[in-house]
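Q: First the structure, then my questions, so here it is.
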There are 4 protein chains.
Amino acid sequence: MIVVLKPGLTKDEIQKVVERIESFGLKAHISEGTERTIIGAIGDERILLDQTLESFPGVERVLPILKPYKLVSREFQRFDTIIEVNGHKIGGKKVHVMAGPCSVESRDQVLETAIPVREAGATFLRGGAFKPRTSPYSFQGLGEEGLGYLAHAREVTGLPIITEVLDPRDVELVSGYTDILQIGARNMQNFKLLTEVGKTNKPVMLKRGISATIQEFLLSAEYIAAEGNRKIILCERGIRTYETETRNTLDLSAVPVLKQLTHLPVFVDPSHGTGRWDLVVPMALAGVAAGADGLLIEVHPRPEVALSDGPQSLKPEKFAALMVTLKKIAEAIGREI
Amino acid sequence: MIVVLKPGLTKDEIQKVVERIESFGLKAHISEGTERTIIGAIGDERILLDQTLESFPGVERVLPILKPYKLVSREFQRFDTIIEVNGHKIGGKKVHVMAGPCSVESRDQVLETAIPVREAGATFLRGGAFKPRTSPYSFQGLGEEGLGYLAHAREVTGLPIITEVLDPRDVELVSGYTDILQIGARNMQNFKLLTEVGKTNKPVMLKRGISATIQEFLLSAEYIAAEGNRKIILCERGIRTYETETRNTLDLSAVPVLKQLTHLPVFVDPSHGTGRWDLVVPMALAGVAAGADGLLIEVHPRPEVALSDGPQSLKPEKFAALMVTLKKIAEAIGREI
Amino acid sequence: MIVVLKPGLTKDEIQKVVERIESFGLKAHISEGTERTIIGAIGDERILLDQTLESFPGVERVLPILKPYKLVSREFQRFDTIIEVNGHKIGGKKVHVMAGPCSVESRDQVLETAIPVREAGATFLRGGAFKPRTSPYSFQGLGEEGLGYLAHAREVTGLPIITEVLDPRDVELVSGYTDILQIGARNMQNFKLLTEVGKTNKPVMLKRGISATIQEFLLSAEYIAAEGNRKIILCERGIRTYETETRNTLDLSAVPVLKQLTHLPVFVDPSHGTGRWDLVVPMALAGVAAGADGLLIEVHPRPEVALSDGPQSLKPEKFAALMVTLKKIAEAIGREI
Amino acid sequence: MIVVLKPGLTKDEIQKVVERIESFGLKAHISEGTERTIIGAIGDERILLDQTLESFPGVERVLPILKPYKLVSREFQRFDTIIEVNGHKIGGKKVHVMAGPCSVESRDQVLETAIPVREAGATFLRGGAFKPRTSPYSFQGLGEEGLGYLAHAREVTGLPIITEVLDPRDVELVSGYTDILQIGARNMQNFKLLTEVGKTNKPVMLKRGISATIQEFLLSAEYIAAEGNRKIILCERGIRTYETETRNTLDLSAVPVLKQLTHLPVFVDPSHGTGRWDLVVPMALAGVAAGADGLLIEVHPRPEVALSDGPQSLKPEKFAALMVTLKKIAEAIGREI
């Protein structure tokens, strides 16, 4: 950590900053420049994370050198994390596509989606039973009933399932049904929920908050890892910008950035990332080309009557056509689907 | 709701859209333009909120006419909501200042802050016992012990208290101590938590999420109101933009916009809104000038050793000086502090 | 255009709005809803573009139905525009890669870049002679001398050139050397410059402003088209968001959105879009997968001593390797490079 | 400037970075930490502004210590710049209000605005003769004819005038009429135009670009100052964010931030900053409370038929009422209007 001092401090004032830094067990290393004096704080700067040093008298700015997360960082673990779920390896050469409806609406609707997506090559079934909705008057999901329909579809198709958990009190219940726990974008900084899923040993798909920096995203993953659960998949699903043509702006550069900073698998959700089914195909292709380890795609047999997110859902036929091109893109970069 | 059709539809295709609209109990009113045909859907368009109409064949766009929130809207209740807390009226002529430390650190630290802020004119004591922190390695608050210190300071000073609740499982516990429940920015869309505080009859201070639109903010307030709790205070505390000189960009225009759209009191938090104590004073003044019903300000006896948010905390002397000018600003616009 | 009226207007007040709309030669079509009355303004609503209707008494909101641009819209021209430059067709099946240094620094540096990029498959040479720099103390480009070096490299390699023009007074000069005129992101709304290049018959590459909406982007293209020059190429090069890991956030969803809204060719610039050479490769691949008609890539023989944008420039060897994978991606989606 | 090295470099590799830094005439000061080695580059780091060091082998990151602008910085000149225009001092105790129509439409319209705003206490008349418009089909201003109407209004009312210049070729013409040259937000990085106005000795009002950082804003002011013209007024007028309730988000915290970083006067434009006349009054009050040296306000005798920006223009009566409250706010903070 670099502490930049205000110009014109006396020796005594500088000494007080040095003492403050050393009171945390760090070594202070002074370097006098022509316009500023700076102090390097040597040791594990994460101790200084809370950065109250910035309000210490004489301090102009504090510049961190190290990343504030540890367990999830590429420096902590050089090799890629590979997560095994029911025999599928996530994070390796194979790109996984998880597909299914936004909301679970009925036993039939789930099956009508699960069967064709498996045939088209999807390896996981997605579907929401607990739905976080912007309005209290919108459909909030079928709850445990919906979890049952997902489990039934897994029995029929063999596809492992992924579904969202919203409430720390529901983690046990949802874990009893699902193969992967999903934490949605709105809950990326629901630290109580992160802690709770960190205590399970279920794989967790953590979606990026719509205005989360990549650093905040990785710190949220660190919350889960710090509780002992290292089976974390990250998912880029669009960030909020001024542009209104799309529901969010899918930040695909986050994929290679994350692959550098962390050893965890990185997925892309082009459905939420764009909010428009007609953009899902090009952005799914682009996501794999950018290096994603997998995709999360909304498919619905009748999007025009879906209880949520109809405008961003593909019909099974479009999804099947997408999978054909996706395979070619994966091969072009030396991977497979 | 206005449904804009794609150009070149046949009569039959238009008829299908009409039938779909009417299947929700709305009346469809067709209007043929030179380049587009549009259909007005007449009735309570909130039924169509989930907007799957956008994926209906032949539909180009759907434009809502009404606001999606109801109970919290100015149309639903013309007059200002006034919330009484221990004899203080929030939302009337008087501007309230709630001051105190970011984190409760000790019994003494709370008292050392509470006494001078009361003398300077603050009417509520703020302080966090449960802290949402970006990093799992940062100080997470004293929990129930901290709530006890706040209650003790209330006994000594007579100041009612406001403190944050993070977890739906803690709502009852925190309600047992506090006078106002605070929902932080990161939890603005933690719908389970909103529902839980909506079931209490404690006043709730709801902070705007750092990337929440004003509409989403009001829909989150609607979640609380829909459960029966109408004692809601809104708080603007800065939004995320590209600018890095400040921690967030304090969106003061949200104050007059909210005062038009809702009958609820609107506060401003210049401490989180800027992240820098040297900007708190001008932005506090500006907040009241813009029409805020109150302020939330971080004050710490020794910001340079605070366990959180030191850089944005005022010392008690600075706070006292601010209160003197604030009173003049309030008078200039016909209010009082 | 839909005019939403405030609730509770008298017949007379409504009549005045109707008269105002009809004073522009449009027909007004009233539709009474349960909570709002709306008026459809039928005819060419572009007349109302300046939208002063919003300040007319009794008007709550004005919702446009049509796009405000015309000549560049897909509705105006269904088929793709194909632009011929020295025998190359831009906007067709072939994906074009334009490569070269950010700044022209010397005759040798241009040649040292031009020769290997042509060998690797680039079809155009890019390079800046007039450089818009954030700081007045940064290198501002070689000016006409640099244009000469580019022309010399064209002679040697046969690659047509593209270079930026900054000043309306230089349009004639730059046109004398270049094959394509580039308008940079900072000048996307320099309307005097747009008008000036619109009067030439040189193809123009228009880059999206860093905070331009897609609608504003197309309106800037319309400025050029309205002067008579329809040979316009659009280029997405990253927008400004809160994320700081990348210099800008490359908005690849803009590619399919633009391909729907306009008939003009759409390029992607992954070098400026990310600001980091290590992200150029994945984002170039993703750009083509998303449907871009071409790429603009910075290549420099020695990025570590470049006079501008070194951190985002590829070395010729990396560029050559990228081209190999790009060809496979293009084939995967039925195109070629 | 701090150069952070990648972990695990050999002595030789470190030595090469040191040599590169010293090749610019700076001294390199090595500091070995537990996880990273850093090098302090001592001397005038502005030499390294172009930051190609980031692409030098072995370099992980480069952290600037000093601000990249100089002449406009508070470190260069401690005391406030006061600009005299026709006997008015801008930047001192008095807060100036510049008012008038967005576009000059006719001789009468200008006078009808100028007379009442002078009576209400405005000290300058604003009005646009050259208008930068998003659409080529919108009213583009009266040009020189409009400048004449402004000059005529100055003769009648004695109010000095401020008007925008768009084109480097028009700087001389506009300077012949106006008392202050205005550079609009869209031209904040039109460096050719900045250079041209920097060569005059007219005061320049420079508006912040809608997505300009404060650092970029000050670098644009530095462009003008570097040409010799130090009579620069800065103007915050709203930045682009995701929020759609307002046209832009007025960033009032920019006012105290700028007052710290620069000695130049800082104005606020609540009309463009919000885009809605009903928000102009609260945001004008807030702007002065935040410490602005002046305001720029759009006033139009008949906003409902204005040729541009009607929705954000005040009527003269509303403006007069605003001035009464503004005076009280100015007094509350020890200033005057």
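The way I read the labels, and the way they are meant: chains A, B, ... in the order of the structure tokens, residue 1 as the first residue of every chain, and ligand 1 as the first ligand shown, with later ones counted on from there.
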Give as a PyMOL selection string every residue of chain A that touches chain B within 6 Å, counting only C-alpha atoms.
A: chain A and resi 52+54-56+135-136+219+223+304+310-311
Q: Can those selected residues be exported to a file as a PDB file, in the first residue's frame so that it contains N, CA and C atoms?
A:
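Saved file part06.pdb follows:
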```pdb
ATOM      1  N   THR A  52      -9.003   3.570   6.895  1.00  0.00           N
ATOM      2  CA  THR A  52      -9.196   4.803   7.652  1.00  0.00           C
ATOM      3  C   THR A  52      -7.949   5.662   7.579  1.00  0.00           C
ATOM      4  N   GLU A  54      -6.899   7.091   5.200  1.00  0.00           N
ATOM      5  CA  GLU A  54      -7.194   8.271   4.370  1.00  0.00           C
ATOM      6  C   GLU A  54      -7.666   9.458   5.194  1.00  0.00           C
ATOM      7  N   SER A  55      -8.172   9.197   6.403  1.00  0.00           N
ATOM      8  CA  SER A  55      -8.589  10.353   7.219  1.00  0.00           C
ATOM      9  C   SER A  55      -7.539  10.715   8.260  1.00  0.00           C
ATOM     10  N   PHE A  56      -6.369  10.104   8.164  1.00  0.00           N
ATOM     11  CA  PHE A  56      -5.301  10.432   9.112  1.00  0.00           C
ATOM     12  C   PHE A  56      -4.680  11.774   8.718  1.00  0.00           C
ATOM     13  N   SER A 135     -41.408  -5.523  -8.803  1.00  0.00           N
ATOM     14  CA  SER A 135     -42.695  -5.080  -8.267  1.00  0.00           C
ATOM     15  C   SER A 135     -43.302  -6.135  -7.361  1.00  0.00           C
ATOM     16  N   PRO A 136     -43.908  -5.705  -6.245  1.00  0.00           N
ATOM     17  CA  PRO A 136     -44.551  -6.676  -5.355  1.00  0.00           C
ATOM     18  C   PRO A 136     -45.775  -7.317  -6.001  1.00  0.00           C
ATOM     19  N   LEU A 219     -14.909  -9.996  -4.416  1.00  0.00           N
ATOM     20  CA  LEU A 219     -15.001  -9.961  -2.940  1.00  0.00           C
ATOM     21  C   LEU A 219     -16.250 -10.701  -2.467  1.00  0.00           C
ATOM     22  N   TYR A 223     -16.467 -14.025   0.017  1.00  0.00           N
ATOM     23  CA  TYR A 223     -17.354 -14.298   1.165  1.00  0.00           C
ATOM     24  C   TYR A 223     -17.736 -15.775   1.208  1.00  0.00           C
ATOM     25  N   GLU A 304     -44.538 -15.924 -25.516  1.00  0.00           N
ATOM     26  CA  GLU A 304     -45.543 -14.863 -25.552  1.00  0.00           C
ATOM     27  C   GLU A 304     -46.537 -14.964 -24.401  1.00  0.00           C
ATOM     28  N   GLY A 310     -40.594 -13.166 -20.740  1.00  0.00           N
ATOM     29  CA  GLY A 310     -40.908 -13.654 -22.072  1.00  0.00           C
ATOM     30  C   GLY A 310     -40.059 -12.993 -23.153  1.00  0.00           C
ATOM     31  N   PRO A 311     -39.913 -11.658 -23.126  1.00  0.00           N
ATOM     32  CA  PRO A 311     -39.212 -10.982 -24.223  1.00  0.00           C
ATOM     33  C   PRO A 311     -37.777 -11.427 -24.417  1.00  0.00           C
TER      34      PRO A 311
END
```
Q: Extract the full set of strand (DSSP E or B) residues from stretch 106-320 of chain C according to DSSP on the backbone, and format it as a VMD selection string.
A: chain C and resid 124 to 126 128 161 to 164 180 to 183 204 to 207 232 to 236 239 249 262 266 to 268 294 to 299 314
Q: Give me, as a list in words, all polymer residues having an atom no more than 7 Å from D:Leu63, counting only C-alpha atoms and skipping those fewer than 6 positions away in the same chain.
A: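 The residues that qualify are Met1, Ile2 and Val3 of chain D.
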Q: How about saving the chosen residues, N, CA and C atoms kept, as a JSON list (two decimals), in the first residue's frame?
A:
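Okay, out36.json is ready:
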```json
[["chain", "number", "residue", "atom", "x", "y", "z"],
["D", 1, "MET", "N", 5.33, 9.22, -9.71],
["D", 1, "MET", "CA", 4.67, 8.08, -10.34],
["D", 1, "MET", "C", 5.20, 6.78, -9.74],
["D", 2, "ILE", "N", 4.29, 5.87, -9.44],
["D", 2, "ILE", "CA", 4.67, 4.60, -8.83],
["D", 2, "ILE", "C", 4.53, 3.52, -9.90],
["D", 3, "VAL", "N", 5.59, 2.77, -10.11],
["D", 3, "VAL", "CA", 5.54, 1.67, -11.07],
["D", 3, "VAL", "C", 5.51, 0.36, -10.28]]
```
Q: State, in Å with one decimal place, the distance from atom CA of C:Leu150 to atom CA of C:Glu164.
A: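 Separation between atom CA of C:Leu150 and atom CA of C:Glu164: 11.9 Å.
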Q: Could you give me, as a PDB file with all heavy atoms, in the first residue's frame, the residues within 10 Å of D:Ala292, counting only C-alpha atoms and dropping anything in the same chain fewer than 6 positions from it?
A:
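Writing done, so here's part38.pdb:
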```pdb
ATOM      1  N   GLY D  91     -16.245  35.212  -9.696  1.00  0.00           N
ATOM      2  CA  GLY D  91     -15.326  34.392  -8.893  1.00  0.00           C
ATOM      3  C   GLY D  91     -15.076  34.975  -7.512  1.00  0.00           C
ATOM      4  O   GLY D  91     -14.326  34.390  -6.731  1.00  0.00           O
ATOM      5  N   VAL D  95     -22.402  36.155  -6.282  1.00  0.00           N
ATOM      6  CA  VAL D  95     -22.845  35.051  -7.138  1.00  0.00           C
ATOM      7  C   VAL D  95     -23.572  35.653  -8.340  1.00  0.00           C
ATOM      8  O   VAL D  95     -24.498  36.451  -8.169  1.00  0.00           O
ATOM      9  CB  VAL D  95     -23.807  34.127  -6.342  1.00  0.00           C
ATOM     10  CG1 VAL D  95     -24.399  33.056  -7.241  1.00  0.00           C
ATOM     11  CG2 VAL D  95     -23.082  33.507  -5.150  1.00  0.00           C
ATOM     12  N   HIS D  96     -23.140  35.313  -9.544  1.00  0.00           N
ATOM     13  CA  HIS D  96     -23.743  35.887 -10.755  1.00  0.00           C
ATOM     14  C   HIS D  96     -24.763  34.940 -11.371  1.00  0.00           C
ATOM     15  O   HIS D  96     -24.528  33.731 -11.445  1.00  0.00           O
ATOM     16  CB  HIS D  96     -22.666  36.204 -11.793  1.00  0.00           C
ATOM     17  CG  HIS D  96     -21.869  37.414 -11.432  1.00  0.00           C
ATOM     18  ND1 HIS D  96     -22.253  38.686 -11.748  1.00  0.00           N
ATOM     19  CD2 HIS D  96     -20.737  37.546 -10.703  1.00  0.00           C
ATOM     20  CE1 HIS D  96     -21.377  39.557 -11.265  1.00  0.00           C
ATOM     21  NE2 HIS D  96     -20.437  38.887 -10.627  1.00  0.00           N
ATOM     22  N   CYS D 235     -18.256  25.170 -15.896  1.00  0.00           N
ATOM     23  CA  CYS D 235     -19.687  25.030 -15.645  1.00  0.00           C
ATOM     24  C   CYS D 235     -20.124  23.572 -15.608  1.00  0.00           C
ATOM     25  O   CYS D 235     -20.006  22.858 -16.606  1.00  0.00           O
ATOM     26  CB  CYS D 235     -20.489  25.793 -16.709  1.00  0.00           C
ATOM     27  SG  CYS D 235     -22.265  25.760 -16.391  1.00  0.00           S
ATOM     28  N   GLU D 236     -20.624  23.158 -14.446  1.00  0.00           N
ATOM     29  CA  GLU D 236     -21.232  21.822 -14.305  1.00  0.00           C
ATOM     30  C   GLU D 236     -22.644  21.901 -14.867  1.00  0.00           C
ATOM     31  O   GLU D 236     -23.413  22.789 -14.492  1.00  0.00           O
ATOM     32  CB  GLU D 236     -21.280  21.446 -12.813  1.00  0.00           C
ATOM     33  CG  GLU D 236     -22.270  20.355 -12.442  1.00  0.00           C
ATOM     34  CD  GLU D 236     -21.995  19.000 -13.064  1.00  0.00           C
ATOM     35  OE1 GLU D 236     -20.813  18.685 -13.304  1.00  0.00           O
ATOM     36  OE2 GLU D 236     -22.963  18.254 -13.330  1.00  0.00           O
ATOM     37  N   LEU D 252     -23.759  17.983  -8.389  1.00  0.00           N
ATOM     38  CA  LEU D 252     -23.405  19.166  -7.595  1.00  0.00           C
ATOM     39  C   LEU D 252     -22.155  18.962  -6.757  1.00  0.00           C
ATOM     40  O   LEU D 252     -21.482  19.930  -6.408  1.00  0.00           O
ATOM     41  CB  LEU D 252     -24.578  19.590  -6.704  1.00  0.00           C
ATOM     42  CG  LEU D 252     -25.704  20.291  -7.457  1.00  0.00           C
ATOM     43  CD1 LEU D 252     -26.770  20.761  -6.478  1.00  0.00           C
ATOM     44  CD2 LEU D 252     -25.181  21.478  -8.255  1.00  0.00           C
ATOM     45  N   ALA D 254     -19.519  18.073  -7.807  1.00  0.00           N
ATOM     46  CA  ALA D 254     -18.423  18.574  -8.639  1.00  0.00           C
ATOM     47  C   ALA D 254     -18.042  20.002  -8.237  1.00  0.00           C
ATOM     48  O   ALA D 254     -16.892  20.408  -8.408  1.00  0.00           O
ATOM     49  CB  ALA D 254     -18.805  18.542 -10.114  1.00  0.00           C
ATOM     50  N   VAL D 255     -19.005  20.755  -7.688  1.00  0.00           N
ATOM     51  CA  VAL D 255     -18.706  22.150  -7.335  1.00  0.00           C
ATOM     52  C   VAL D 255     -17.634  22.218  -6.236  1.00  0.00           C
ATOM     53  O   VAL D 255     -16.560  22.786  -6.456  1.00  0.00           O
ATOM     54  CB  VAL D 255     -19.989  22.922  -6.947  1.00  0.00           C
ATOM     55  CG1 VAL D 255     -19.658  24.332  -6.477  1.00  0.00           C
ATOM     56  CG2 VAL D 255     -20.966  22.961  -8.129  1.00  0.00           C
ATOM     57  N   PRO D 256     -17.871  21.621  -5.051  1.00  0.00           N
ATOM     58  CA  PRO D 256     -16.798  21.698  -4.053  1.00  0.00           C
ATOM     59  C   PRO D 256     -15.533  20.945  -4.464  1.00  0.00           C
ATOM     60  O   PRO D 256     -14.425  21.360  -4.086  1.00  0.00           O
ATOM     61  CB  PRO D 256     -17.429  21.093  -2.789  1.00  0.00           C
ATOM     62  CG  PRO D 256     -18.639  20.346  -3.247  1.00  0.00           C
ATOM     63  CD  PRO D 256     -19.107  21.040  -4.491  1.00  0.00           C
ATOM     64  N   LEU D 258     -14.270  20.781  -7.520  1.00  0.00           N
ATOM     65  CA  LEU D 258     -13.546  21.697  -8.411  1.00  0.00           C
ATOM     66  C   LEU D 258     -12.946  22.856  -7.623  1.00  0.00           C
ATOM     67  O   LEU D 258     -11.820  23.274  -7.889  1.00  0.00           O
ATOM     68  CB  LEU D 258     -14.473  22.224  -9.514  1.00  0.00           C
ATOM     69  CG  LEU D 258     -14.778  21.222 -10.628  1.00  0.00           C
ATOM     70  CD1 LEU D 258     -15.944  21.695 -11.487  1.00  0.00           C
ATOM     71  CD2 LEU D 258     -13.540  20.994 -11.511  1.00  0.00           C
ATOM     72  N   LYS D 259     -13.696  23.394  -6.662  1.00  0.00           N
ATOM     73  CA  LYS D 259     -13.168  24.531  -5.879  1.00  0.00           C
ATOM     74  C   LYS D 259     -11.891  24.134  -5.136  1.00  0.00           C
ATOM     75  O   LYS D 259     -11.048  24.986  -4.866  1.00  0.00           O
ATOM     76  CB  LYS D 259     -14.225  25.050  -4.888  1.00  0.00           C
ATOM     77  CG  LYS D 259     -15.488  25.639  -5.522  1.00  0.00           C
ATOM     78  CD  LYS D 259     -15.245  26.850  -6.399  1.00  0.00           C
ATOM     79  CE  LYS D 259     -14.892  28.111  -5.655  1.00  0.00           C
ATOM     80  NZ  LYS D 259     -14.709  29.262  -6.602  1.00  0.00           N
ATOM     81  N   PRO D 265     -13.328  30.057 -11.367  1.00  0.00           N
ATOM     82  CA  PRO D 265     -14.727  30.128 -10.923  1.00  0.00           C
ATOM     83  C   PRO D 265     -15.525  28.928 -11.461  1.00  0.00           C
ATOM     84  O   PRO D 265     -15.235  28.422 -12.538  1.00  0.00           O
ATOM     85  CB  PRO D 265     -15.255  31.424 -11.565  1.00  0.00           C
ATOM     86  CG  PRO D 265     -14.070  32.169 -12.053  1.00  0.00           C
ATOM     87  CD  PRO D 265     -12.961  31.187 -12.255  1.00  0.00           C
ATOM     88  N   VAL D 266     -16.513  28.515 -10.678  1.00  0.00           N
ATOM     89  CA  VAL D 266     -17.324  27.345 -11.035  1.00  0.00           C
ATOM     90  C   VAL D 266     -18.804  27.720 -11.048  1.00  0.00           C
ATOM     91  O   VAL D 266     -19.332  28.222 -10.055  1.00  0.00           O
ATOM     92  CB  VAL D 266     -17.095  26.199 -10.029  1.00  0.00           C
ATOM     93  CG1 VAL D 266     -17.972  24.996 -10.386  1.00  0.00           C
ATOM     94  CG2 VAL D 266     -15.630  25.801  -9.977  1.00  0.00           C
ATOM     95  N   PHE D 267     -19.451  27.493 -12.176  1.00  0.00           N
ATOM     96  CA  PHE D 267     -20.881  27.772 -12.321  1.00  0.00           C
ATOM     97  C   PHE D 267     -21.675  26.464 -12.383  1.00  0.00           C
ATOM     98  O   PHE D 267     -21.110  25.384 -12.549  1.00  0.00           O
ATOM     99  CB  PHE D 267     -21.135  28.572 -13.609  1.00  0.00           C
ATOM    100  CG  PHE D 267     -21.003  30.060 -13.441  1.00  0.00           C
ATOM    101  CD1 PHE D 267     -19.871  30.614 -12.852  1.00  0.00           C
ATOM    102  CD2 PHE D 267     -22.004  30.933 -13.877  1.00  0.00           C
ATOM    103  CE1 PHE D 267     -19.736  31.997 -12.694  1.00  0.00           C
ATOM    104  CE2 PHE D 267     -21.884  32.308 -13.730  1.00  0.00           C
ATOM    105  CZ  PHE D 267     -20.755  32.841 -13.138  1.00  0.00           C
ATOM    106  N   VAL D 268     -22.991  26.612 -12.258  1.00  0.00           N
ATOM    107  CA  VAL D 268     -23.893  25.473 -12.392  1.00  0.00           C
ATOM    108  C   VAL D 268     -25.010  25.859 -13.356  1.00  0.00           C
ATOM    109  O   VAL D 268     -25.519  26.984 -13.303  1.00  0.00           O
ATOM    110  CB  VAL D 268     -24.493  25.081 -11.018  1.00  0.00           C
ATOM    111  CG1 VAL D 268     -25.676  24.130 -11.176  1.00  0.00           C
ATOM    112  CG2 VAL D 268     -23.426  24.440 -10.139  1.00  0.00           C
ATOM    113  N   ALA D 284     -31.219  25.102  -8.626  1.00  0.00           N
ATOM    114  CA  ALA D 284     -30.519  26.389  -8.600  1.00  0.00           C
ATOM    115  C   ALA D 284     -30.183  26.745  -7.151  1.00  0.00           C
ATOM    116  O   ALA D 284     -29.046  27.134  -6.838  1.00  0.00           O
ATOM    117  CB  ALA D 284     -31.396  27.470  -9.237  1.00  0.00           C
ATOM    118  N   LEU D 285     -31.144  26.576  -6.263  1.00  0.00           N
ATOM    119  CA  LEU D 285     -30.906  26.857  -4.838  1.00  0.00           C
ATOM    120  C   LEU D 285     -29.799  25.947  -4.303  1.00  0.00           C
ATOM    121  O   LEU D 285     -28.886  26.394  -3.601  1.00  0.00           O
ATOM    122  CB  LEU D 285     -32.199  26.633  -4.038  1.00  0.00           C
ATOM    123  CG  LEU D 285     -33.401  27.521  -4.418  1.00  0.00           C
ATOM    124  CD1 LEU D 285     -34.655  27.080  -3.658  1.00  0.00           C
ATOM    125  CD2 LEU D 285     -33.117  28.994  -4.160  1.00  0.00           C
ATOM    126  N   ALA D 286     -29.882  24.678  -4.658  1.00  0.00           N
ATOM    127  CA  ALA D 286     -28.888  23.716  -4.175  1.00  0.00           C
ATOM    128  C   ALA D 286     -27.503  24.047  -4.724  1.00  0.00           C
ATOM    129  O   ALA D 286     -26.495  23.908  -4.034  1.00  0.00           O
ATOM    130  CB  ALA D 286     -29.301  22.298  -4.564  1.00  0.00           C
ATOM    131  N   ALA D 330     -27.856  32.749  -0.694  1.00  0.00           N
ATOM    132  CA  ALA D 330     -26.502  33.308  -0.800  1.00  0.00           C
ATOM    133  C   ALA D 330     -26.098  33.941   0.527  1.00  0.00           C
ATOM    134  O   ALA D 330     -24.980  33.719   1.031  1.00  0.00           O
ATOM    135  CB  ALA D 330     -26.440  34.329  -1.941  1.00  0.00           C
TER     136      ALA D 330
END
```
Q: If we count only C-alpha atoms, what is near B:Lys27 at a cut-off of 6 Å, once residues fewer than 3 positions away on the same chain are taken out, given as a list in words?
A: Glu22, Ala41 and Ile42 of chain B
Q: Restricted to N, CA and C atoms, what would the selected residues look like written as a short mmCIF file (atom, residue, chain, number, x, y, z; two decimals), in the first residue's frame?
A:
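File part22.cif, as written:
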```cif
data_model
loop_
_atom_site.label_atom_id
_atom_site.label_comp_id
_atom_site.auth_asym_id
_atom_site.auth_seq_id
_atom_site.Cartn_x
_atom_site.Cartn_y
_atom_site.Cartn_z
N GLU B 22 -57.49 -8.11 -24.58
CA GLU B 22 -58.81 -8.25 -23.97
C GLU B 22 -58.90 -9.44 -23.04
N ALA B 41 -54.41 0.11 -24.55
CA ALA B 41 -55.04 -0.90 -23.68
C ALA B 41 -55.64 -0.13 -22.51
N ILE B 42 -56.96 -0.09 -22.46
CA ILE B 42 -57.64 0.75 -21.48
C ILE B 42 -58.12 -0.07 -20.30
#
```
Q: With only C-alpha atoms as the atoms that count, which of A:Gly128, A:Gly8, A:Pro116, A:Gly148 lies nearest to A:Lys318?
A: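 The answer is A:Pro116, which sits nearest to A:Lys318.
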Q: Neighbours of B:Ala99 within 7 Å (only C-alpha atoms; same-chain residues fewer than 4 positions away dropped), as a list of chain:residue names?
A: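 Once the adjacent positions are removed, what remains is B:Val117, B:Ala122, B:Phe124, B:Leu125, B:Arg126, B:Leu296, B:Ile297, B:Glu298, B:Val299.
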Q: Could you give me, as a list of chain:residue names, the residues within 8 Å of B:Ile38, counting only C-alpha atoms and dropping anything in the same chain fewer than 6 positions from it?
A: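 Final neighbour list, sorted by chain and number: B:Ile2, B:Val3, B:Val4, B:Leu5, B:Ile30, B:Ser31, B:Glu32.
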Q: Could you check which of B:Gln260, B:Ser103, B:Ser253, B:Asn229 is closest to B:Gln140, using only C-alpha atoms?
A: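 Between B:Gln260, B:Ser103, B:Ser253, B:Asn229, the residue approaching B:Gln140 most closely is B:Ser103.
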Q: Would you compute the distance between atom CA of D:Gly92 and atom CA of D:Ile233? Give it in Å to one decimal.
A: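 About the pair atom CA of D:Gly92 and atom CA of D:Ile233: they are 12.3 Å apart.
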Q: Suppose you want the space between atom CA of A:Ile232 and atom CA of A:Leu206; what is it in Å?
A: 7.0 Å
